[in-house]
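Dumped entry31.cif below, it's mmCIF, C-alpha atoms:
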```cif
data_model
#
loop_
_atom_site.label_atom_id
_atom_site.label_comp_id
_atom_site.auth_asym_id
_atom_site.auth_seq_id
_atom_site.Cartn_x
_atom_site.Cartn_y
_atom_site.Cartn_z
CA MET A 1 16.55 20.05 -17.93
CA SER A 2 19.14 21.29 -20.38
CA GLU A 3 19.51 20.70 -24.10
CA ARG A 4 21.91 17.86 -23.27
CA SER A 5 18.98 15.79 -22.05
CA GLU A 6 17.37 15.95 -25.52
CA GLU A 7 20.13 13.65 -26.72
CA ALA A 8 19.07 10.95 -24.30
CA GLY A 9 16.20 9.84 -26.54
CA PRO A 10 12.54 9.42 -25.64
CA ASP A 11 12.96 6.22 -23.67
CA LYS A 12 16.13 6.92 -21.69
CA PRO A 13 16.58 9.17 -18.67
CA GLY A 14 18.44 12.39 -19.38
CA PRO A 15 21.85 12.97 -17.78
CA ASP A 16 20.56 15.98 -15.82
CA VAL A 17 18.15 13.88 -13.76
CA PRO A 18 19.49 13.10 -10.26
CA GLY A 19 20.00 9.49 -9.27
CA PRO A 20 17.36 7.60 -7.28
CA ASP A 21 19.37 7.82 -4.06
CA SER A 22 20.37 11.49 -4.28
CA PRO A 23 19.25 13.93 -1.53
CA ASP A 24 17.39 15.86 -4.22
CA THR A 25 15.33 12.79 -5.11
CA GLU A 26 14.76 11.99 -1.43
CA GLU A 27 13.31 15.48 -0.85
CA LEU A 28 11.16 15.28 -3.96
CA GLY A 29 9.94 11.83 -2.91
CA ALA A 30 9.04 13.12 0.57
CA THR A 31 6.95 15.93 -0.91
CA VAL A 32 5.17 13.57 -3.29
CA ALA A 33 4.56 11.06 -0.46
CA ALA A 34 2.97 13.83 1.64
CA LEU A 35 0.67 14.72 -1.26
CA THR A 36 -0.67 11.13 -1.37
CA ALA A 37 -2.20 11.33 2.12
CA ASP A 38 -5.96 10.70 2.31
CA ASP A 39 -6.97 13.89 4.07
CA ILE A 40 -5.05 17.11 3.50
CA ALA A 41 -6.40 20.59 4.08
CA PRO A 42 -6.63 22.56 0.81
CA ALA A 43 -4.11 25.14 2.01
CA ARG A 44 -1.62 22.41 2.92
CA ARG A 45 -2.11 20.67 -0.44
CA ARG A 46 -1.50 23.96 -2.25
CA GLN A 47 1.63 24.50 -0.13
CA LEU A 48 2.95 21.02 -0.97
CA LEU A 49 2.25 21.45 -4.67
CA THR A 50 4.01 24.82 -4.67
CA ARG A 51 6.96 23.14 -2.93
CA LEU A 52 6.96 20.42 -5.59
CA VAL A 53 7.07 23.08 -8.30
CA GLY A 54 10.03 24.71 -6.55
CA GLN A 55 11.84 21.39 -6.29
CA ALA A 56 11.19 20.72 -9.97
CA ARG A 57 12.63 24.11 -10.90
CA ALA A 58 15.65 23.48 -8.67
CA ARG A 59 16.47 20.35 -10.68
CA GLY A 60 17.82 22.52 -13.48
CA ILE A 61 14.70 22.40 -15.64
CA THR A 62 14.90 25.01 -18.39
CA ASP A 63 13.05 23.59 -21.38
CA LEU A 64 9.71 22.20 -20.14
CA PHE A 65 8.02 24.43 -22.70
CA LYS A 66 9.03 21.66 -25.10
CA PRO A 67 6.39 18.91 -24.76
CA ARG A 68 8.88 16.08 -25.34
CA ALA A 69 11.16 17.45 -22.64
CA ALA A 70 8.25 17.81 -20.23
CA VAL A 71 7.08 14.24 -20.77
CA ARG A 72 10.62 12.90 -20.50
CA TRP A 73 11.06 14.74 -17.20
CA MET A 74 7.78 13.33 -15.89
CA THR A 75 8.73 9.82 -16.97
CA ASP A 76 12.08 10.04 -15.19
CA THR A 77 10.54 11.63 -12.09
CA VAL A 78 7.68 9.14 -11.75
CA ALA A 79 10.22 6.30 -11.99
CA GLU A 80 12.34 7.99 -9.29
CA VAL A 81 9.57 8.79 -6.81
CA ALA A 82 7.64 5.50 -7.20
CA PRO A 83 9.73 3.75 -4.49
CA HIS A 84 8.84 6.58 -2.09
CA VAL A 85 5.06 6.18 -2.47
CA PRO A 86 3.73 4.86 0.86
CA ILE A 87 1.70 1.66 0.39
CA ARG A 88 -0.21 0.42 3.43
CA ASP A 89 -0.32 -3.35 3.83
CA PHE A 90 -3.60 -5.16 4.41
CA ALA A 91 -3.26 -5.22 8.20
CA THR A 92 -2.63 -1.47 8.31
CA LEU A 93 -5.61 -0.80 6.04
CA ARG A 94 -7.79 -2.86 8.36
CA ARG A 95 -6.65 -0.74 11.31
CA HIS A 96 -7.25 2.51 9.45
CA PHE A 97 -10.69 1.46 8.19
CA PRO A 98 -12.21 -0.85 10.82
CA GLY A 99 -15.52 -2.58 10.19
CA LEU A 100 -15.32 -2.58 6.38
CA ASP A 101 -15.38 -5.75 4.33
CA ASP A 102 -13.07 -6.08 1.34
CA GLU A 103 -15.46 -4.52 -1.20
CA ALA A 104 -16.33 -1.61 1.07
CA LEU A 105 -12.65 -1.08 1.82
CA ALA A 106 -11.80 -0.99 -1.88
CA ASP A 107 -14.68 1.46 -2.43
CA ARG A 108 -13.27 3.70 0.29
CA LEU A 109 -9.76 3.62 -1.16
CA VAL A 110 -11.01 4.57 -4.62
CA ARG A 111 -13.16 7.34 -3.17
CA ASN A 112 -10.31 8.76 -1.10
CA ALA A 113 -7.84 8.64 -3.99
CA SER A 114 -10.38 10.31 -6.29
CA ARG A 115 -10.87 13.09 -3.77
CA ALA A 116 -7.11 13.47 -3.38
CA THR A 117 -6.46 13.81 -7.13
CA ALA A 118 -9.40 16.20 -7.41
CA GLY A 119 -7.79 18.20 -4.62
CA VAL A 120 -4.49 18.31 -6.51
CA GLY A 121 -6.34 19.61 -9.58
CA ALA A 122 -8.02 22.27 -7.49
CA ALA A 123 -4.73 23.20 -5.82
CA GLY A 124 -3.01 23.42 -9.19
CA GLY A 125 -5.77 25.68 -10.45
CA GLY A 126 -5.39 27.86 -7.37
CA VAL A 127 -1.64 28.15 -7.85
CA ALA A 128 -2.15 28.88 -11.55
CA ALA A 129 -4.64 31.61 -10.69
CA VAL A 130 -1.73 33.57 -9.22
CA GLU A 131 -0.31 33.78 -12.72
CA TRP A 132 -3.30 35.84 -13.82
CA ALA A 133 -2.65 38.45 -11.14
CA VAL A 134 1.12 38.78 -10.94
CA THR A 135 4.12 38.59 -13.22
CA PRO A 136 4.52 35.08 -14.66
CA THR A 137 8.11 34.89 -13.48
CA LEU A 138 6.78 33.45 -10.19
CA LEU A 139 5.88 30.06 -11.62
CA SER A 140 6.33 28.46 -15.01
CA ALA A 141 3.07 26.97 -16.30
CA PRO A 142 4.68 23.85 -17.83
CA VAL A 143 6.54 23.14 -14.59
CA LEU A 144 3.28 23.47 -12.64
CA LEU A 145 1.51 21.10 -15.02
CA ALA A 146 4.36 18.58 -14.83
CA ALA A 147 4.41 18.75 -11.03
CA GLU A 148 0.63 18.35 -10.82
CA THR A 149 0.77 15.35 -13.14
CA VAL A 150 3.49 13.66 -11.06
CA ALA A 151 1.47 14.26 -7.87
CA VAL A 152 -1.68 12.76 -9.40
CA VAL A 153 0.21 9.72 -10.67
CA ALA A 154 1.76 9.18 -7.23
CA ILE A 155 -1.69 9.15 -5.61
CA GLU A 156 -2.87 6.63 -8.18
CA LEU A 157 0.24 4.46 -7.64
CA LYS A 158 -0.65 4.35 -3.94
CA LEU A 159 -4.22 3.37 -4.82
CA ILE A 160 -2.95 0.62 -7.12
CA GLY A 161 -0.67 -0.81 -4.45
CA GLU A 162 -3.36 -0.79 -1.78
CA LEU A 163 -5.99 -2.34 -4.06
CA HIS A 164 -3.54 -5.18 -4.66
CA GLU A 165 -3.35 -5.61 -0.88
CA VAL A 166 -7.14 -5.69 -0.52
CA HIS A 167 -7.49 -8.28 -3.29
CA ARG A 168 -4.59 -10.38 -1.89
CA VAL A 169 -2.65 -10.12 -5.14
CA PRO A 170 0.95 -9.77 -3.99
CA LEU A 171 3.30 -7.21 -5.47
CA PRO A 172 6.96 -8.11 -6.04
CA PRO A 173 9.04 -7.72 -2.87
CA GLY A 174 11.66 -5.01 -2.56
CA GLY A 175 11.53 -1.33 -3.41
CA THR A 176 12.67 -1.54 -7.02
CA GLY A 177 10.55 -4.53 -8.03
CA ARG A 178 7.46 -3.11 -6.37
CA ALA A 179 7.98 0.34 -7.91
CA VAL A 180 8.38 -1.09 -11.40
CA ALA A 181 5.24 -3.23 -10.97
CA LEU A 182 3.23 -0.21 -9.79
CA VAL A 183 4.39 1.98 -12.67
CA GLN A 184 3.64 -0.71 -15.24
CA SER A 185 0.23 -1.33 -13.68
CA TRP A 186 -0.56 2.39 -13.85
CA ALA A 187 0.53 2.70 -17.48
CA THR A 188 -1.48 -0.35 -18.60
CA GLN A 189 -4.38 0.00 -16.12
CA ARG A 190 -3.99 -3.69 -15.39
CA GLY A 191 -3.22 -5.51 -12.18
CA VAL A 192 0.11 -7.18 -11.53
CA ASN A 193 0.06 -10.90 -12.29
CA PRO A 194 2.26 -12.58 -9.65
CA MET A 195 2.32 -15.78 -11.72
CA MET A 196 4.15 -14.05 -14.56
CA PRO A 197 7.92 -14.73 -14.54
CA GLY A 198 10.56 -12.06 -14.73
CA VAL A 199 9.07 -9.52 -12.32
CA GLY A 200 11.18 -9.17 -9.22
CA VAL A 201 13.54 -7.05 -7.20
CA SER A 202 15.97 -6.67 -10.07
CA ALA A 203 13.28 -5.51 -12.52
CA VAL A 204 13.90 -2.20 -14.25
CA LEU A 205 11.83 -0.12 -16.65
CA GLY A 206 12.86 -1.31 -20.08
CA THR A 207 12.34 0.56 -23.34
CA ALA A 208 8.82 -0.77 -23.97
CA ALA A 209 7.67 -0.04 -20.41
CA ARG A 210 9.11 3.48 -20.50
CA ARG A 211 7.37 4.13 -23.81
CA GLU A 212 4.06 2.93 -22.33
CA LEU A 213 4.57 5.17 -19.31
CA ARG A 214 5.56 8.11 -21.51
CA ASP A 215 2.46 7.77 -23.69
CA SER A 216 0.17 7.55 -20.65
CA LEU A 217 1.81 10.59 -19.10
CA MET A 218 1.40 12.54 -22.34
CA ARG A 219 -2.35 11.93 -22.23
CA ARG A 220 -2.53 12.91 -18.56
CA PHE A 221 -0.37 15.99 -19.11
CA GLY A 222 -2.65 17.16 -21.90
CA ARG A 223 -5.72 16.75 -19.72
CA ASN A 224 -4.11 18.81 -16.97
CA LEU A 225 -3.92 21.82 -19.30
CA THR A 226 -7.37 22.68 -17.91
CA THR A 227 -5.59 23.76 -14.73
CA LEU A 228 -4.58 26.97 -16.51
CA GLY A 229 -8.14 28.26 -16.97
CA PRO A 230 -8.54 31.80 -15.59
CA PHE A 231 -10.41 32.89 -12.46
CA LEU A 232 -10.29 29.46 -10.84
CA THR A 233 -12.46 27.85 -13.55
CA GLY A 234 -9.39 25.71 -14.25
CA ALA A 235 -9.40 24.48 -10.67
CA ALA A 236 -12.99 23.25 -10.90
CA VAL A 237 -12.55 21.51 -14.25
CA ALA A 238 -9.17 19.98 -13.36
CA GLY A 239 -10.56 18.69 -10.09
CA TYR A 240 -13.54 17.08 -11.82
CA LEU A 241 -11.42 15.46 -14.54
CA ASN A 242 -8.88 14.13 -12.04
CA ARG A 243 -11.63 12.65 -9.87
CA ARG A 244 -13.28 10.96 -12.86
CA ALA A 245 -10.02 9.54 -14.23
CA THR A 246 -8.89 8.17 -10.85
CA ARG A 247 -12.28 6.56 -10.23
CA ALA A 248 -12.21 4.95 -13.69
CA LEU A 249 -8.68 3.64 -13.05
CA GLY A 250 -9.73 2.19 -9.70
CA GLU A 251 -12.79 0.44 -11.10
CA GLN A 252 -10.88 -0.99 -14.06
CA LEU A 253 -8.13 -2.26 -11.78
CA ARG A 254 -10.60 -3.85 -9.36
CA LYS A 255 -12.20 -5.84 -12.19
CA ASP A 256 -8.80 -7.08 -13.31
CA LEU A 257 -7.67 -7.92 -9.77
CA ARG A 258 -10.82 -9.94 -9.11
CA ARG A 259 -10.01 -12.12 -12.11
CA THR A 260 -6.37 -12.46 -11.05
CA ALA A 261 -7.28 -13.30 -7.43
CA ARG A 262 -9.64 -16.08 -8.55
CA ALA A 263 -6.81 -17.63 -10.56
CA LEU A 264 -4.38 -17.65 -7.63
CA PRO A 265 -4.01 -20.85 -5.59
CA GLU A 266 -5.63 -20.59 -2.16
CA ALA A 267 -5.23 -16.85 -1.54
CA PRO A 268 -5.35 -16.25 2.23
CA SER A 269 -8.54 -14.74 3.58
#
```
Any chance you could give the structure as structure tokens?
Amino acid sequence: MSERSEEAGPDKPGPDVPGPDSPDTEELGATVAALTADDIAPARRRQLLTRLVGQARARGITDLFKPRAAVRWMTDTVAEVAPHVPIRDFATLRRHFPGLDDEALADRLVRNASRATAGVGAAGGGVAAVEWAVTPTLLSAPVLLAAETVAVVAIELKLIGELHEVHRVPLPPGGTGRAVALVQSWATQRGVNPMMPGVGVSAVLGTAARRELRDSLMRRFGRNLTTLGPFLTGAAVAGYLNRRATRALGEQLRKDLRRTARALPEAPS
């Protein structure tokens, strides 16, 4: 991201960020989507995270050592990749996890997402460990941290979407409306209220929503600094903190969705 993007302001995407339909964004979205899978071998997760770092660097990023620039890039990128996050509908979840009732299914989703974000933290620590052995021109630490943060948020967006499916609380239809609802739900750690007006396909992230997302990403980015601990200690700590944060998000969201589901008229069983 060049100095020109600093002029965009904290709540507006910079001009250097590709559009949501660009091939660059499609490739980035595909990498992030692959990182959200339930079961990935550690070597494959590390490979995908390294690819994500490379794609971030290829987007012209030059000033992620500036915290504001890093958070702005993450805000723009999360908004871009959110439509690419694969959300399984309730029928698909039932096929993938047969024999589980709704509560057990939600437990499994939270557990799997927590393991996945812990795996990203461990993979990030493993990639960062290379920096202690070779010249730091290979990877830029802020880019790695930004990429790791985006990957963790994507996994949690998937969890949010699928918990809404389990609790029969519908998300807005359409890619844009659903993506905006997921991002806002992640930033506020609240479920989507389908009875609220004004949330639909044409919804976009306004100034207040972008500020909320930015502030949440700043907190997450700061926590991910543990990834840079030497001799793989960063991997262990980052993995633990990611797991704990994802589990807390899942439990908070489930409480909120239970209240919302009870208020809905005749939710289908």
### Query
At a cut-off of 12 Å from (8.0, 10.2, 6.2) in the coordinates of the file, what residues are picked up using all atoms listed in the file, written as a PyMOL selection string?
chain A and resi 26-37+84-86
### Message
the PyMOL selection byres ((chain A and resi 54) around 12) - which residues does that actually catch in the file I just gave you? List them as a PyMOL selection string.
### Response
chain A and resi 24+27-28+31+47-53+55-61+138-140+143-144+146-147
#### Entry: the PyMOL selection byres ((chain A and resi 253-260) around 10) resolved against shown file, as an MDAnalysis selection string
chainID A and resid 103 106:107 110 159:160 163:164 166:169 185:186 188:195 247:252 261:264
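Using only C-alpha atoms for every distance, the candidate list A:Trp73, A:Val78, A:Arg214, A:Glu165 yields A:Glu165 as the residue closest to Arg94 (chain A).
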### Summary
Computed gap from CA of Met74 (chain A) to CA of Asp38 (chain A) is 23.0 Å
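Checking A:Ala70, A:Ala116, A:Ala79, A:Ala91 one by one against Arg244 (chain A), counting only C-alpha atoms, you find the shortest gap at A:Ala116.
A search radius of 9 Å centred on (8.7, 4.9, -7.3), applied to all atoms listed in the file, returns the residues Gly29, Thr77, Val78, Ala79, Glu80, Val81, Ala82, Pro83, His84, Val85, Ala154, Leu157, Gly175, Thr176, Arg178, Ala179, Val180, Leu182 and Val183 of chain A.
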### Message
Using all atoms listed in the file for the distances, tell me which of A:Leu145, A:Leu109, A:Ile40, A:Ala187 is nearest to Ile87 (chain A).
### Response
A:Leu109
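CA of Val152 (chain A) lies 13.3 Å from CA of Arg46 (chain A).
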## Note on the structure
What separates CA of Ala69 (chain A) and CA of Gln184 (chain A) is a distance of 21.0 Å
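Once Arg95 (chain A) and its same-chain neighbours fewer than 6 positions away are set aside, Arg88, Asp89 and Leu105 of chain A remain within 12 Å of it when counting only C-alpha atoms.
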### Task
Could you expand the PyMOL selection byres ((chain A and resi 120) around 9) into the explicit residues it covers here, written as a count of residues only?
23
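Using all atoms listed in the file, the nearest neighbour of Phe90 (chain A) within the list A:Pro142, A:Ser114, A:Asp102, A:Ile155 is A:Asp102.
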For region 254-265 of chain A, supply all heavy atoms and report the output as a tab-separated table (two decimals), in the coordinates of the input.
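Printed below is result35.tsv as written:
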```
chain	number	residue	atom	x	y	z
A	254	ARG	N	-9.90	-2.90	-10.23
A	254	ARG	CA	-10.60	-3.85	-9.36
A	254	ARG	C	-11.16	-5.02	-10.16
A	254	ARG	O	-11.09	-6.18	-9.72
A	254	ARG	CB	-11.73	-3.13	-8.61
A	254	ARG	CG	-11.22	-2.18	-7.55
A	254	ARG	CD	-12.34	-1.38	-6.93
A	254	ARG	NE	-13.23	-2.22	-6.12
A	254	ARG	CZ	-14.33	-1.76	-5.52
A	254	ARG	NH1	-14.67	-0.50	-5.66
A	254	ARG	NH2	-15.07	-2.57	-4.79
A	255	LYS	N	-11.70	-4.76	-11.34
A	255	LYS	CA	-12.20	-5.84	-12.19
A	255	LYS	C	-11.08	-6.81	-12.55
A	255	LYS	O	-11.24	-8.03	-12.50
A	255	LYS	CB	-12.83	-5.27	-13.46
A	255	LYS	CG	-14.12	-4.52	-13.23
A	255	LYS	CD	-14.63	-3.93	-14.55
A	255	LYS	CE	-15.89	-3.11	-14.33
A	255	LYS	NZ	-16.36	-2.47	-15.58
A	256	ASP	N	-9.93	-6.24	-12.91
A	256	ASP	CA	-8.80	-7.08	-13.31
A	256	ASP	C	-8.26	-7.86	-12.12
A	256	ASP	O	-7.92	-9.04	-12.25
A	256	ASP	CB	-7.71	-6.19	-13.91
A	256	ASP	CG	-6.67	-6.99	-14.69
A	256	ASP	OD1	-7.06	-7.67	-15.65
A	256	ASP	OD2	-5.49	-6.95	-14.30
A	257	LEU	N	-8.20	-7.23	-10.95
A	257	LEU	CA	-7.67	-7.92	-9.77
A	257	LEU	C	-8.60	-9.03	-9.30
A	257	LEU	O	-8.13	-10.05	-8.77
A	257	LEU	CB	-7.43	-6.90	-8.65
A	257	LEU	CG	-6.23	-5.97	-8.84
A	257	LEU	CD1	-6.21	-4.89	-7.77
A	257	LEU	CD2	-4.92	-6.76	-8.82
A	258	ARG	N	-9.89	-8.86	-9.47
A	258	ARG	CA	-10.82	-9.94	-9.11
A	258	ARG	C	-10.54	-11.19	-9.94
A	258	ARG	O	-10.54	-12.32	-9.42
A	258	ARG	CB	-12.27	-9.49	-9.30
A	258	ARG	CG	-12.75	-8.45	-8.30
A	258	ARG	CD	-14.24	-8.19	-8.46
A	258	ARG	NE	-14.66	-7.00	-7.73
A	258	ARG	CZ	-14.95	-5.84	-8.27
A	258	ARG	NH1	-14.89	-5.70	-9.60
A	258	ARG	NH2	-15.33	-4.81	-7.54
A	259	ARG	N	-10.32	-10.98	-11.24
A	259	ARG	CA	-10.01	-12.12	-12.11
A	259	ARG	C	-8.69	-12.77	-11.71
A	259	ARG	O	-8.57	-13.99	-11.65
A	259	ARG	CB	-9.94	-11.65	-13.57
A	259	ARG	CG	-11.28	-11.29	-14.17
A	259	ARG	CD	-11.18	-11.15	-15.69
A	259	ARG	NE	-10.35	-10.01	-16.05
A	259	ARG	CZ	-10.82	-8.78	-16.29
A	259	ARG	NH1	-12.12	-8.53	-16.18
A	259	ARG	NH2	-10.00	-7.81	-16.63
A	260	THR	N	-7.68	-11.93	-11.42
A	260	THR	CA	-6.37	-12.46	-11.05
A	260	THR	C	-6.45	-13.22	-9.73
A	260	THR	O	-5.88	-14.31	-9.58
A	260	THR	CB	-5.35	-11.32	-10.93
A	260	THR	OG1	-5.25	-10.64	-12.18
A	260	THR	CG2	-3.98	-11.86	-10.53
A	261	ALA	N	-7.18	-12.66	-8.75
A	261	ALA	CA	-7.28	-13.30	-7.43
A	261	ALA	C	-7.95	-14.66	-7.53
A	261	ALA	O	-7.56	-15.61	-6.84
A	261	ALA	CB	-8.05	-12.39	-6.48
A	262	ARG	N	-8.96	-14.78	-8.40
A	262	ARG	CA	-9.64	-16.08	-8.55
A	262	ARG	C	-8.71	-17.13	-9.13
A	262	ARG	O	-8.88	-18.33	-8.86
A	262	ARG	CB	-10.88	-15.91	-9.45
A	262	ARG	CG	-12.04	-15.22	-8.78
A	262	ARG	CD	-13.33	-15.42	-9.57
A	262	ARG	NE	-13.26	-14.79	-10.88
A	262	ARG	CZ	-13.70	-13.55	-11.13
A	262	ARG	NH1	-14.20	-12.82	-10.13
A	262	ARG	NH2	-13.63	-13.05	-12.34
A	263	ALA	N	-7.73	-16.69	-9.92
A	263	ALA	CA	-6.81	-17.63	-10.56
A	263	ALA	C	-5.66	-18.05	-9.64
A	263	ALA	O	-4.95	-19.00	-9.94
A	263	ALA	CB	-6.26	-17.03	-11.84
A	264	LEU	N	-5.50	-17.34	-8.52
A	264	LEU	CA	-4.38	-17.65	-7.63
A	264	LEU	C	-4.73	-18.85	-6.77
A	264	LEU	O	-5.88	-19.02	-6.35
A	264	LEU	CB	-4.06	-16.45	-6.73
A	264	LEU	CG	-3.45	-15.23	-7.42
A	264	LEU	CD1	-3.25	-14.11	-6.42
A	264	LEU	CD2	-2.12	-15.58	-8.08
A	265	PRO	N	-3.74	-19.68	-6.43
A	265	PRO	CA	-4.01	-20.85	-5.59
A	265	PRO	C	-4.18	-20.47	-4.13
A	265	PRO	O	-3.28	-19.90	-3.51
A	265	PRO	CB	-2.75	-21.73	-5.79
A	265	PRO	CG	-1.67	-20.75	-6.15
A	265	PRO	CD	-2.34	-19.64	-6.91
```
